[in-house]
>>> print(open('model_19.cif').read())   # mmCIF, C-alpha atoms and all ligand atoms
data_query
#
loop_
_atom_site.group_PDB
_atom_site.id
_atom_site.type_symbol
_atom_site.label_atom_id
_atom_site.label_comp_id
_atom_site.auth_asym_id
_atom_site.auth_seq_id
_atom_site.Cartn_x
_atom_site.Cartn_y
_atom_site.Cartn_z
ATOM 1 C CA MET A 17 73.735 81.303 29.059
ATOM 2 C CA GLY A 18 77.340 80.196 29.590
ATOM 3 C CA ASP A 19 79.086 77.605 27.488
ATOM 4 C CA LYS A 20 79.188 74.085 28.861
ATOM 5 C CA LEU A 21 82.606 72.439 28.786
ATOM 6 C CA ASP A 22 81.372 69.029 29.880
ATOM 7 C CA ARG A 23 80.887 67.277 26.546
ATOM 8 C CA ILE A 24 81.921 67.640 22.930
ATOM 9 C CA ILE A 25 79.184 66.853 20.421
ATOM 10 C CA VAL A 26 80.704 65.122 17.382
ATOM 11 C CA VAL A 27 78.524 65.330 14.271
ATOM 12 C CA ASP A 28 78.750 63.567 10.907
ATOM 13 C CA VAL A 29 76.144 64.163 8.209
ATOM 14 C CA GLU A 30 75.188 62.154 5.168
ATOM 15 C CA ALA A 31 73.551 63.998 2.312
ATOM 16 C CA THR A 32 71.812 63.185 -0.952
ATOM 17 C CA CYS A 33 74.473 62.874 -3.642
ATOM 18 C CA TRP A 34 75.120 61.880 -7.232
ATOM 19 C CA GLN A 35 78.118 60.810 -9.248
ATOM 20 C CA GLY A 36 78.509 64.368 -10.537
ATOM 21 C CA LYS A 37 76.396 67.465 -10.072
ATOM 22 C CA PRO A 38 72.815 67.223 -8.734
ATOM 23 C CA PRO A 39 70.175 66.632 -11.436
ATOM 24 C CA ALA A 40 68.180 69.734 -12.473
ATOM 25 C CA GLY A 41 65.833 70.866 -9.707
ATOM 26 C CA GLN A 42 67.588 68.884 -6.959
ATOM 27 C CA GLU A 43 70.257 69.872 -4.421
ATOM 28 C CA ASN A 44 72.410 68.189 -1.772
ATOM 29 C CA GLU A 45 70.387 67.814 1.414
ATOM 30 C CA ILE A 46 71.180 66.270 4.772
ATOM 31 C CA ILE A 47 69.533 62.855 5.182
ATOM 32 C CA GLU A 48 71.301 61.609 8.322
ATOM 33 C CA ILE A 49 72.827 63.393 11.296
ATOM 34 C CA GLY A 50 75.143 61.093 13.212
ATOM 35 C CA ILE A 51 76.064 62.114 16.747
ATOM 36 C CA CYS A 52 78.706 60.945 19.191
ATOM 37 C CA VAL A 53 79.021 62.471 22.642
ATOM 38 C CA VAL A 54 82.580 62.700 24.000
ATOM 39 C CA ASP A 55 82.852 63.255 27.748
ATOM 40 C CA ILE A 56 85.550 65.862 28.323
ATOM 41 C CA ASN A 57 86.520 64.778 31.837
ATOM 42 C CA SER A 58 87.084 61.073 31.058
ATOM 43 C CA GLY A 59 88.021 61.744 27.420
ATOM 44 C CA GLN A 60 85.775 58.846 26.367
ATOM 45 C CA ALA A 61 83.163 58.533 23.607
ATOM 46 C CA ILE A 62 80.079 57.711 25.672
ATOM 47 C CA GLU A 63 77.014 57.908 23.481
ATOM 48 C CA LYS A 64 75.981 57.416 19.871
ATOM 49 C CA ASP A 65 72.859 58.479 17.986
ATOM 50 C CA SER A 66 71.511 58.840 14.462
ATOM 51 C CA ILE A 67 68.749 61.151 13.277
ATOM 52 C CA LEU A 68 67.254 60.363 9.861
ATOM 53 C CA VAL A 69 66.093 63.436 7.960
ATOM 54 C CA LYS A 70 63.561 63.439 5.137
ATOM 55 C CA PRO A 71 64.857 65.418 2.144
ATOM 56 C CA GLU A 72 62.469 68.022 0.721
ATOM 57 C CA ARG A 73 64.184 69.075 -2.489
ATOM 58 C CA SER A 74 65.930 65.878 -3.603
ATOM 59 C CA GLN A 75 65.706 62.096 -3.812
ATOM 60 C CA VAL A 76 68.096 59.412 -2.641
ATOM 61 C CA SER A 77 69.835 58.181 -5.804
ATOM 62 C CA GLU A 78 71.096 54.665 -6.448
ATOM 63 C CA PHE A 79 74.624 56.121 -6.190
ATOM 64 C CA CYS A 80 73.788 57.605 -2.778
ATOM 65 C CA THR A 81 72.386 54.289 -1.515
ATOM 66 C CA GLN A 82 75.526 52.511 -2.689
ATOM 67 C CA LEU A 83 77.694 54.991 -0.787
ATOM 68 C CA THR A 84 75.685 55.324 2.417
ATOM 69 C CA THR A 85 73.366 52.246 2.419
ATOM 70 C CA LEU A 86 70.509 54.730 3.068
ATOM 71 C CA THR A 87 67.395 54.277 0.905
ATOM 72 C CA GLN A 88 64.579 56.663 -0.002
ATOM 73 C CA SER A 89 62.087 54.604 2.030
ATOM 74 C CA GLN A 90 64.343 54.794 5.117
ATOM 75 C CA VAL A 91 64.707 58.564 4.971
ATOM 76 C CA ASP A 92 60.992 58.975 4.158
ATOM 77 C CA LYS A 93 60.437 57.886 7.783
ATOM 78 C CA GLY A 94 62.797 60.613 8.991
ATOM 79 C CA ILE A 95 61.929 63.992 10.506
ATOM 80 C CA SER A 96 62.234 67.371 8.775
ATOM 81 C CA PHE A 97 65.553 69.240 8.785
ATOM 82 C CA ALA A 98 63.947 72.006 10.883
ATOM 83 C CA GLU A 99 62.812 69.459 13.495
ATOM 84 C CA ALA A 100 66.246 67.824 13.496
ATOM 85 C CA CYS A 101 67.904 71.189 14.243
ATOM 86 C CA LEU A 102 65.523 71.728 17.175
ATOM 87 C CA LEU A 103 66.243 68.208 18.448
ATOM 88 C CA LEU A 104 69.998 68.866 18.434
ATOM 89 C CA ARG A 105 69.490 71.917 20.633
ATOM 90 C CA LYS A 106 66.969 70.241 22.924
ATOM 91 C CA ASN A 107 68.691 66.873 23.414
ATOM 92 C CA TYR A 108 72.363 67.849 23.119
ATOM 93 C CA SER A 109 72.451 71.603 23.877
ATOM 94 C CA THR A 110 74.497 71.988 20.701
ATOM 95 C CA HIS A 111 74.127 75.777 20.911
ATOM 96 C CA GLN A 112 75.970 75.810 24.255
ATOM 97 C CA ARG A 113 78.595 73.139 23.699
ATOM 98 C CA VAL A 114 81.753 72.738 21.670
ATOM 99 C CA TRP A 115 81.002 70.597 18.659
ATOM 100 C CA ALA A 116 83.309 68.716 16.316
ATOM 101 C CA SER A 117 83.338 67.139 12.881
ATOM 102 C CA TYR A 118 85.851 65.587 10.502
ATOM 103 C CA GLY A 119 86.778 68.344 8.037
ATOM 104 C CA GLU A 120 84.675 71.394 7.241
ATOM 105 C CA TYR A 121 82.036 69.722 5.053
ATOM 106 C CA ASP A 122 79.488 68.991 7.784
ATOM 107 C CA LYS A 123 79.698 72.537 9.155
ATOM 108 C CA ARG A 124 79.337 74.089 5.698
ATOM 109 C CA GLN A 125 76.368 71.879 4.814
ATOM 110 C CA PHE A 126 74.590 72.917 8.031
ATOM 111 C CA GLU A 127 75.366 76.582 7.357
ATOM 112 C CA ARG A 128 74.148 76.342 3.753
ATOM 113 C CA GLN A 129 70.956 74.484 4.577
ATOM 114 C CA CYS A 130 70.017 76.681 7.549
ATOM 115 C CA LEU A 131 70.627 79.844 5.540
ATOM 116 C CA ALA A 132 68.672 78.645 2.495
ATOM 117 C CA ARG A 133 65.626 77.729 4.611
ATOM 118 C CA SER A 134 65.772 80.441 7.287
ATOM 119 C CA ILE A 135 66.246 77.807 9.982
ATOM 120 C CA LYS A 136 68.044 78.748 13.203
ATOM 121 C CA TYR A 137 71.590 77.369 13.121
ATOM 122 C CA PRO A 138 71.683 74.759 15.917
ATOM 123 C CA PHE A 139 75.354 75.109 16.872
ATOM 124 C CA GLY A 140 77.426 77.603 18.778
ATOM 125 C CA ARG A 141 80.581 79.163 17.351
ATOM 126 C CA LYS A 142 83.043 76.739 18.945
ATOM 127 C CA HIS A 143 83.900 74.030 16.433
ATOM 128 C CA ILE A 144 86.786 71.549 16.364
ATOM 129 C CA ASN A 145 87.965 70.192 13.014
ATOM 130 C CA VAL A 146 89.229 66.737 14.058
ATOM 131 C CA LYS A 147 90.760 66.084 10.605
ATOM 132 C CA ASN A 148 92.966 69.138 10.930
ATOM 133 C CA LEU A 149 93.756 68.507 14.598
ATOM 134 C CA LEU A 150 94.844 64.895 13.986
ATOM 135 C CA ALA A 151 97.173 65.944 11.143
ATOM 136 C CA ILE A 152 98.751 68.711 13.216
ATOM 137 C CA ILE A 153 99.218 66.635 16.384
ATOM 138 C CA ASN A 154 100.828 63.787 14.456
ATOM 139 C CA ALA A 155 102.745 66.097 12.102
ATOM 140 C CA ILE A 156 101.262 64.381 9.028
ATOM 141 C CA PRO A 157 102.115 66.602 6.033
ATOM 142 C CA GLN A 158 98.546 66.392 4.673
ATOM 143 C CA GLU A 159 95.120 65.845 6.182
ATOM 144 C CA VAL A 160 93.865 62.257 5.759
ATOM 145 C CA GLY A 161 90.430 60.657 5.482
ATOM 146 C CA MET A 162 88.694 59.121 8.481
ATOM 147 C CA ALA A 163 89.516 55.509 7.571
ATOM 148 C CA ARG A 164 93.232 56.348 7.241
ATOM 149 C CA ALA A 165 93.138 58.281 10.520
ATOM 150 C CA LEU A 166 91.831 55.196 12.333
ATOM 151 C CA GLU A 167 94.644 53.116 10.765
ATOM 152 C CA ILE A 168 97.260 55.632 11.894
ATOM 153 C CA LEU A 169 95.912 55.422 15.445
ATOM 154 C CA ASN A 170 95.615 51.613 15.288
ATOM 155 C CA LEU A 171 91.894 51.778 15.917
ATOM 156 C CA PRO A 172 89.528 49.406 14.065
ATOM 157 C CA LEU A 173 86.758 51.044 12.007
ATOM 158 C CA GLU A 174 83.555 50.182 13.844
ATOM 159 C CA GLY A 175 80.241 49.839 11.977
ATOM 160 C CA THR A 176 79.576 50.973 8.408
ATOM 161 C CA HIS A 177 81.708 53.711 6.844
ATOM 162 C CA HIS A 178 79.548 56.518 5.341
ATOM 163 C CA ARG A 179 76.695 55.954 7.784
ATOM 164 C CA GLY A 180 76.406 59.106 9.889
ATOM 165 C CA GLY A 181 75.939 57.371 13.244
ATOM 166 C CA ASP A 182 78.907 55.052 12.740
ATOM 167 C CA ASP A 183 81.112 57.792 11.242
ATOM 168 C CA ALA A 184 80.334 60.094 14.183
ATOM 169 C CA TRP A 185 81.169 57.282 16.616
ATOM 170 C CA ASN A 186 84.506 56.589 14.874
ATOM 171 C CA ILE A 187 85.362 60.313 14.771
ATOM 172 C CA GLY A 188 84.479 60.456 18.467
ATOM 173 C CA ARG A 189 86.942 57.605 19.093
ATOM 174 C CA ILE A 190 89.648 59.496 17.155
ATOM 175 C CA LEU A 191 89.013 62.639 19.211
ATOM 176 C CA SER A 192 88.965 60.561 22.394
ATOM 177 C CA ARG A 193 92.378 59.101 21.528
ATOM 178 C CA LEU A 194 93.793 62.578 20.846
ATOM 179 C CA LEU A 195 92.462 63.856 24.187
ATOM 180 C CA CYS A 196 93.835 60.878 26.098
ATOM 181 C CA GLN A 197 97.238 61.112 24.366
ATOM 182 C CA ALA A 198 97.439 64.776 25.325
ATOM 183 C CA ARG A 199 96.789 63.830 28.960
ATOM 184 C CA GLU A 200 99.267 60.938 29.135
ATOM 185 C CA GLY A 201 101.435 62.742 31.650
ATOM 186 C CA ASN A 202 98.407 62.701 33.911
ATOM 187 C CA ASN A 203 97.683 58.972 33.391
ATOM 188 C CA GLY A 204 95.253 59.780 30.599
ATOM 189 C CA ARG A 205 93.006 61.832 32.841
ATOM 190 C CA SER A 206 92.127 65.463 32.731
ATOM 191 C CA VAL A 207 93.575 67.749 35.403
ATOM 192 C CA ARG A 208 90.140 67.839 37.049
ATOM 193 C CA SER A 209 90.047 64.128 37.952
HETATM 194 P P1 LIG B 1 80.935 60.866 4.558
HETATM 195 O O1 LIG B 1 80.751 61.491 5.902
HETATM 196 O O2 LIG B 1 82.339 60.608 4.170
HETATM 197 O O3 LIG B 1 80.099 59.618 4.504
HETATM 198 O O4 LIG B 1 80.367 61.881 3.480
HETATM 199 C C1 LIG B 1 79.298 62.741 3.739
HETATM 200 C C2 LIG B 1 78.528 62.994 2.476
HETATM 201 O O5 LIG B 1 79.398 63.531 1.479
HETATM 202 C C3 LIG B 1 77.877 61.784 1.832
HETATM 203 O O6 LIG B 1 76.619 61.465 2.418
HETATM 204 C C4 LIG B 1 77.714 62.272 0.398
HETATM 205 O O7 LIG B 1 76.616 63.157 0.276
HETATM 206 C C5 LIG B 1 78.981 63.081 0.193
HETATM 207 N N1 LIG B 1 80.024 62.231 -0.388
HETATM 208 C C6 LIG B 1 80.996 61.555 0.262
HETATM 209 N N2 LIG B 1 81.763 60.856 -0.590
HETATM 210 C C7 LIG B 1 81.251 61.085 -1.819
HETATM 211 C C8 LIG B 1 81.583 60.667 -3.135
HETATM 212 N N3 LIG B 1 82.619 59.852 -3.370
HETATM 213 N N4 LIG B 1 80.814 61.105 -4.168
HETATM 214 C C9 LIG B 1 79.776 61.931 -3.962
HETATM 215 N N5 LIG B 1 79.412 62.383 -2.746
HETATM 216 C C10 LIG B 1 80.126 61.967 -1.695
HETATM 217 MG MG MG B 2 79.689 60.173 7.076
#
>>> encode(input="model_19.cif", output="C-alpha cells")
Amino acid sequence: MGDKLDRIIVVDVEATCWQGKPPAGQENEIIEIGICVVDINSGQAIEKDSILVKPERSQVSEFCTQLTTLTQSQVDKGISFAEACLLLRKNYSTHQRVWASYGEYDKRQFERQCLARSIKYPFGRKHINVKNLLAIINAIPQEVGMARALEILNLPLEGTHHRGGDDAWNIGRILSRLLCQAREGNNGRSVRS
C-alpha cells in the first residue's frame, strides 16, 4: 500500500465550543469536517466537501452557533464521528495521502477524539501545517490566522469564515498559491507537466 502523491487532502474541523471551558459533563467534539482536494500536478484546489458530524457528548451552544453558524438541528442530521472517519478513508484515501490543515488544532482534535473512542485514525503520518509553511516561505516573524494569510496573498476570503467546508477551501487556495509560487520558474507547473 504505497503512498499516493497525486492529491493533498486539506481538512478543517469545527467543534462544539463555549466561551470558556466546556460545561460539566460535556467536551469539545467535531461537528463539521471540511475538505478541500488540492491536485498536486496542477497545484489547483479542485474539490470541496463538508461532512456534518453529530456530537455524542456535547451540545451546540449559542456561542458555537454564533461562531460557526452551525445549529444543533443541523448537526443532528449529521453522521457519527466513527462513520465520518470511515468516509474519509473510503472517499479520499486519507490514510494513503498527504493531508494538510491550518495549524495543529485539527490534527490534535482528530488524535484526541480517535484515541478517546478507540476509533481508527483516518490519516497517514504525512501532514502539512499550512500556517507554519506560509509563515516560513514569506519570512513572517510569527504565524498568522487564516484570514490574515489570505490578505497577505491578496486572495479574497470565499464563503463563511469558521465553516469547515469554506475554511478548508480557503486553506486549499492558500496551499495552491504556495505551490504555484514555488513552481514559478516552471511557469507555475510542476516538473511533471
Ligand atoms: P476555526 O477553524 O477557526 O473555525 O476553528 C475551529 C474550532 O475551534 C471552532 O469550531 C471552535 O470549536 C474552536 N474555536 C475557534 N475560535 C474559537 C473561539 N474564539 N472561542 C472558542 N472556540 C473557538
Ligand atoms: Mg474552521
>>> atom_distance(input="model_19.cif", atom1="CA of Asn170 in chain A", atom2="CA of Arg189 in chain A")
11.2 Å
>>> residues_near_ligand(input="model_19.cif", ligand="ligand LIG 1 (chain B)", cutoff="9 Å", atoms="all atoms listed in the file", output="JSON, numbers by chain")
{"A": [28, 29, 30, 31, 32, 33, 34, 35, 36, 37, 44, 45, 46, 47, 48, 79, 80, 83, 84, 118, 121, 122, 161, 162, 177, 178, 179, 180, 183, 184]}
>>> atom_distance(input="model_19.cif", atom1="CA of Ala98 in chain A", atom2="CA of Gln125 in chain A")
13.8 Å
>>> residues_around(input="model_19.cif", residues="range 131-145 of chain A", least_positions_apart="2", cutoff="9 Å", atoms="all atoms listed in the file", output="short mmCIF file (atom, residue, chain, number, x, y, z; two decimals) with C-alpha atoms, keeping the file's coordinate frame")
data_model
loop_
_atom_site.label_atom_id
_atom_site.label_comp_id
_atom_site.auth_asym_id
_atom_site.auth_seq_id
_atom_site.Cartn_x
_atom_site.Cartn_y
_atom_site.Cartn_z
CA ASP A 19 79.09 77.60 27.49
CA VAL A 26 80.70 65.12 17.38
CA PHE A 97 65.55 69.24 8.78
CA ALA A 98 63.95 72.01 10.88
CA CYS A 101 67.90 71.19 14.24
CA LEU A 102 65.52 71.73 17.18
CA LEU A 103 66.24 68.21 18.45
CA LEU A 104 70.00 68.87 18.43
CA ARG A 105 69.49 71.92 20.63
CA SER A 109 72.45 71.60 23.88
CA THR A 110 74.50 71.99 20.70
CA HIS A 111 74.13 75.78 20.91
CA GLN A 112 75.97 75.81 24.26
CA ARG A 113 78.60 73.14 23.70
CA VAL A 114 81.75 72.74 21.67
CA TRP A 115 81.00 70.60 18.66
CA ALA A 116 83.31 68.72 16.32
CA SER A 117 83.34 67.14 12.88
CA TYR A 118 85.85 65.59 10.50
CA GLY A 119 86.78 68.34 8.04
CA GLU A 120 84.68 71.39 7.24
CA LYS A 123 79.70 72.54 9.15
CA PHE A 126 74.59 72.92 8.03
CA GLU A 127 75.37 76.58 7.36
CA ARG A 128 74.15 76.34 3.75
CA GLN A 129 70.96 74.48 4.58
CA LYS A 147 90.76 66.08 10.60
CA ASN A 148 92.97 69.14 10.93
CA LEU A 149 93.76 68.51 14.60
CA LEU A 150 94.84 64.90 13.99
#
>>> residues_around(input="model_19.cif", residues="Trp185 in chain A", least_positions_apart="3", cutoff="9 Å", atoms="all atoms listed in the file", output="mmCIF file with C-alpha atoms, in the coordinates of the input")
data_model
loop_
_atom_site.group_PDB
_atom_site.id
_atom_site.type_symbol
_atom_site.label_atom_id
_atom_site.label_comp_id
_atom_site.auth_asym_id
_atom_site.auth_seq_id
_atom_site.Cartn_x
_atom_site.Cartn_y
_atom_site.Cartn_z
ATOM 1 C CA VAL A 26 80.704 65.122 17.382
ATOM 2 C CA VAL A 27 78.524 65.330 14.271
ATOM 3 C CA ASP A 28 78.750 63.567 10.907
ATOM 4 C CA GLY A 50 75.143 61.093 13.212
ATOM 5 C CA ILE A 51 76.064 62.114 16.747
ATOM 6 C CA CYS A 52 78.706 60.945 19.191
ATOM 7 C CA VAL A 53 79.021 62.471 22.642
ATOM 8 C CA ALA A 61 83.163 58.533 23.607
ATOM 9 C CA GLU A 63 77.014 57.908 23.481
ATOM 10 C CA LYS A 64 75.981 57.416 19.871
ATOM 11 C CA ASP A 65 72.859 58.479 17.986
ATOM 12 C CA GLU A 174 83.555 50.182 13.844
ATOM 13 C CA GLY A 175 80.241 49.839 11.977
ATOM 14 C CA GLY A 180 76.406 59.106 9.889
ATOM 15 C CA GLY A 181 75.939 57.371 13.244
ATOM 16 C CA ASP A 182 78.907 55.052 12.740
ATOM 17 C CA GLY A 188 84.479 60.456 18.467
ATOM 18 C CA ARG A 189 86.942 57.605 19.093
ATOM 19 C CA ILE A 190 89.648 59.496 17.155
#
>>> atom_distance(input="model_19.cif", atom1="CA of Ala151 in chain A", atom2="CA of Gln82 in chain A")
29.0 Å
>>> closest_residue(input="model_19.cif", among="A:Ile168, A:Ser58, A:Ser77, A:Thr176", to="ligand MG 2 (chain B)", atoms="all atoms listed in the file")
A:Thr176
>>> decode(input="model_19.cif", residues="range 63-100 of chain A", atoms="N, CA and C atoms", output="PDB file, in the first residue's frame")
ATOM      1  N   GLU A  63     -11.674  20.551  -5.474  1.00  0.00           N
ATOM      2  CA  GLU A  63     -12.902  19.953  -4.964  1.00  0.00           C
ATOM      3  C   GLU A  63     -13.125  20.372  -3.522  1.00  0.00           C
ATOM      4  N   LYS A  64     -14.384  20.539  -3.161  1.00  0.00           N
ATOM      5  CA  LYS A  64     -14.717  20.982  -1.804  1.00  0.00           C
ATOM      6  C   LYS A  64     -15.849  20.132  -1.260  1.00  0.00           C
ATOM      7  N   ASP A  65     -15.801  19.843   0.039  1.00  0.00           N
ATOM      8  CA  ASP A  65     -16.835  18.987   0.638  1.00  0.00           C
ATOM      9  C   ASP A  65     -16.994  19.363   2.113  1.00  0.00           C
ATOM     10  N   SER A  66     -18.115  18.981   2.676  1.00  0.00           N
ATOM     11  CA  SER A  66     -18.353  19.209   4.103  1.00  0.00           C
ATOM     12  C   SER A  66     -19.120  18.020   4.663  1.00  0.00           C
ATOM     13  N   ILE A  67     -18.602  17.449   5.731  1.00  0.00           N
ATOM     14  CA  ILE A  67     -19.293  16.338   6.395  1.00  0.00           C
ATOM     15  C   ILE A  67     -19.778  16.849   7.752  1.00  0.00           C
ATOM     16  N   LEU A  68     -21.083  16.812   7.978  1.00  0.00           N
ATOM     17  CA  LEU A  68     -21.604  17.201   9.301  1.00  0.00           C
ATOM     18  C   LEU A  68     -21.588  15.984  10.212  1.00  0.00           C
ATOM     19  N   VAL A  69     -21.164  16.202  11.449  1.00  0.00           N
ATOM     20  CA  VAL A  69     -20.996  15.103  12.406  1.00  0.00           C
ATOM     21  C   VAL A  69     -21.852  15.387  13.649  1.00  0.00           C
ATOM     22  N   LYS A  70     -22.618  14.391  14.031  1.00  0.00           N
ATOM     23  CA  LYS A  70     -23.499  14.551  15.200  1.00  0.00           C
ATOM     24  C   LYS A  70     -22.698  14.339  16.483  1.00  0.00           C
ATOM     25  N   PRO A  71     -22.657  15.356  17.361  1.00  0.00           N
ATOM     26  CA  PRO A  71     -21.896  15.163  18.607  1.00  0.00           C
ATOM     27  C   PRO A  71     -22.611  14.191  19.537  1.00  0.00           C
ATOM     28  N   GLU A  72     -21.843  13.440  20.318  1.00  0.00           N
ATOM     29  CA  GLU A  72     -22.419  12.423  21.201  1.00  0.00           C
ATOM     30  C   GLU A  72     -22.285  12.774  22.677  1.00  0.00           C
ATOM     31  N   ARG A  73     -21.368  13.690  22.974  1.00  0.00           N
ATOM     32  CA  ARG A  73     -21.105  14.009  24.381  1.00  0.00           C
ATOM     33  C   ARG A  73     -21.226  15.506  24.659  1.00  0.00           C
ATOM     34  N   SER A  74     -21.812  16.233  23.708  1.00  0.00           N
ATOM     35  CA  SER A  74     -21.945  17.692  23.898  1.00  0.00           C
ATOM     36  C   SER A  74     -23.056  18.237  23.016  1.00  0.00           C
ATOM     37  N   GLN A  75     -23.416  19.473  23.282  1.00  0.00           N
ATOM     38  CA  GLN A  75     -24.469  20.177  22.540  1.00  0.00           C
ATOM     39  C   GLN A  75     -23.872  21.420  21.900  1.00  0.00           C
ATOM     40  N   VAL A  76     -24.482  21.830  20.798  1.00  0.00           N
ATOM     41  CA  VAL A  76     -24.045  23.068  20.141  1.00  0.00           C
ATOM     42  C   VAL A  76     -24.586  24.256  20.939  1.00  0.00           C
ATOM     43  N   SER A  77     -23.675  25.038  21.519  1.00  0.00           N
ATOM     44  CA  SER A  77     -24.098  26.191  22.329  1.00  0.00           C
ATOM     45  C   SER A  77     -24.437  27.385  21.431  1.00  0.00           C
ATOM     46  N   GLU A  78     -25.095  28.349  22.027  1.00  0.00           N
ATOM     47  CA  GLU A  78     -25.410  29.606  21.335  1.00  0.00           C
ATOM     48  C   GLU A  78     -24.095  30.247  20.839  1.00  0.00           C
ATOM     49  N   PHE A  79     -23.088  30.218  21.711  1.00  0.00           N
ATOM     50  CA  PHE A  79     -21.767  30.772  21.373  1.00  0.00           C
ATOM     51  C   PHE A  79     -21.196  30.069  20.127  1.00  0.00           C
ATOM     52  N   CYS A  80     -21.343  28.753  20.091  1.00  0.00           N
ATOM     53  CA  CYS A  80     -20.817  27.959  18.979  1.00  0.00           C
ATOM     54  C   CYS A  80     -21.551  28.292  17.673  1.00  0.00           C
ATOM     55  N   THR A  81     -22.870  28.466  17.784  1.00  0.00           N
ATOM     56  CA  THR A  81     -23.664  28.829  16.593  1.00  0.00           C
ATOM     57  C   THR A  81     -23.252  30.212  16.090  1.00  0.00           C
ATOM     58  N   GLN A  82     -23.004  31.119  17.037  1.00  0.00           N
ATOM     59  CA  GLN A  82     -22.580  32.466  16.622  1.00  0.00           C
ATOM     60  C   GLN A  82     -21.244  32.419  15.885  1.00  0.00           C
ATOM     61  N   LEU A  83     -20.351  31.552  16.345  1.00  0.00           N
ATOM     62  CA  LEU A  83     -19.024  31.459  15.725  1.00  0.00           C
ATOM     63  C   LEU A  83     -19.092  30.757  14.363  1.00  0.00           C
ATOM     64  N   THR A  84     -19.805  29.639  14.330  1.00  0.00           N
ATOM     65  CA  THR A  84     -19.717  28.754  13.152  1.00  0.00           C
ATOM     66  C   THR A  84     -20.940  28.812  12.239  1.00  0.00           C
ATOM     67  N   THR A  85     -22.030  29.373  12.715  1.00  0.00           N
ATOM     68  CA  THR A  85     -23.373  29.354  12.093  1.00  0.00           C
ATOM     69  C   THR A  85     -24.047  27.976  12.219  1.00  0.00           C
ATOM     70  N   LEU A  86     -23.329  26.962  12.705  1.00  0.00           N
ATOM     71  CA  LEU A  86     -23.914  25.618  12.805  1.00  0.00           C
ATOM     72  C   LEU A  86     -24.871  25.538  13.995  1.00  0.00           C
ATOM     73  N   THR A  87     -26.026  24.901  13.792  1.00  0.00           N
ATOM     74  CA  THR A  87     -27.009  24.755  14.869  1.00  0.00           C
ATOM     75  C   THR A  87     -27.107  23.283  15.281  1.00  0.00           C
ATOM     76  N   GLN A  88     -27.695  23.074  16.462  1.00  0.00           N
ATOM     77  CA  GLN A  88     -27.888  21.694  16.944  1.00  0.00           C
ATOM     78  C   GLN A  88     -28.722  20.892  15.943  1.00  0.00           C
ATOM     79  N   SER A  89     -29.785  21.505  15.401  1.00  0.00           N
ATOM     80  CA  SER A  89     -30.649  20.735  14.486  1.00  0.00           C
ATOM     81  C   SER A  89     -29.906  20.377  13.195  1.00  0.00           C
ATOM     82  N   GLN A  90     -29.002  21.223  12.751  1.00  0.00           N
ATOM     83  CA  GLN A  90     -28.187  20.884  11.559  1.00  0.00           C
ATOM     84  C   GLN A  90     -27.298  19.674  11.832  1.00  0.00           C
ATOM     85  N   VAL A  91     -26.582  19.722  12.959  1.00  0.00           N
ATOM     86  CA  VAL A  91     -25.633  18.628  13.220  1.00  0.00           C
ATOM     87  C   VAL A  91     -26.345  17.341  13.666  1.00  0.00           C
ATOM     88  N   ASP A  92     -27.587  17.486  14.155  1.00  0.00           N
ATOM     89  CA  ASP A  92     -28.390  16.293  14.476  1.00  0.00           C
ATOM     90  C   ASP A  92     -28.603  15.431  13.231  1.00  0.00           C
ATOM     91  N   LYS A  93     -28.568  16.059  12.059  1.00  0.00           N
ATOM     92  CA  LYS A  93     -28.754  15.314  10.796  1.00  0.00           C
ATOM     93  C   LYS A  93     -27.433  14.729  10.299  1.00  0.00           C
ATOM     94  N   GLY A  94     -26.358  15.001  11.029  1.00  0.00           N
ATOM     95  CA  GLY A  94     -25.038  14.523  10.612  1.00  0.00           C
ATOM     96  C   GLY A  94     -24.832  13.049  10.898  1.00  0.00           C
ATOM     97  N   ILE A  95     -23.689  12.533  10.477  1.00  0.00           N
ATOM     98  CA  ILE A  95     -23.336  11.125  10.724  1.00  0.00           C
ATOM     99  C   ILE A  95     -22.470  11.039  11.985  1.00  0.00           C
ATOM    100  N   SER A  96     -22.207   9.829  12.452  1.00  0.00           N
ATOM    101  CA  SER A  96     -21.384   9.689  13.663  1.00  0.00           C
ATOM    102  C   SER A  96     -19.914   9.964  13.321  1.00  0.00           C
ATOM    103  N   PHE A  97     -19.130  10.270  14.331  1.00  0.00           N
ATOM    104  CA  PHE A  97     -17.698  10.537  14.117  1.00  0.00           C
ATOM    105  C   PHE A  97     -17.014   9.297  13.532  1.00  0.00           C
ATOM    106  N   ALA A  98     -17.406   8.120  14.020  1.00  0.00           N
ATOM    107  CA  ALA A  98     -16.817   6.863  13.517  1.00  0.00           C
ATOM    108  C   ALA A  98     -17.110   6.704  12.019  1.00  0.00           C
ATOM    109  N   GLU A  99     -18.347   6.976  11.630  1.00  0.00           N
ATOM    110  CA  GLU A  99     -18.720   6.879  10.203  1.00  0.00           C
ATOM    111  C   GLU A  99     -17.955   7.903   9.368  1.00  0.00           C
ATOM    112  N   ALA A 100     -17.800   9.099   9.931  1.00  0.00           N
ATOM    113  CA  ALA A 100     -17.089  10.165   9.200  1.00  0.00           C
ATOM    114  C   ALA A 100     -15.634   9.761   8.943  1.00  0.00           C
TER     115      ALA A 100
END
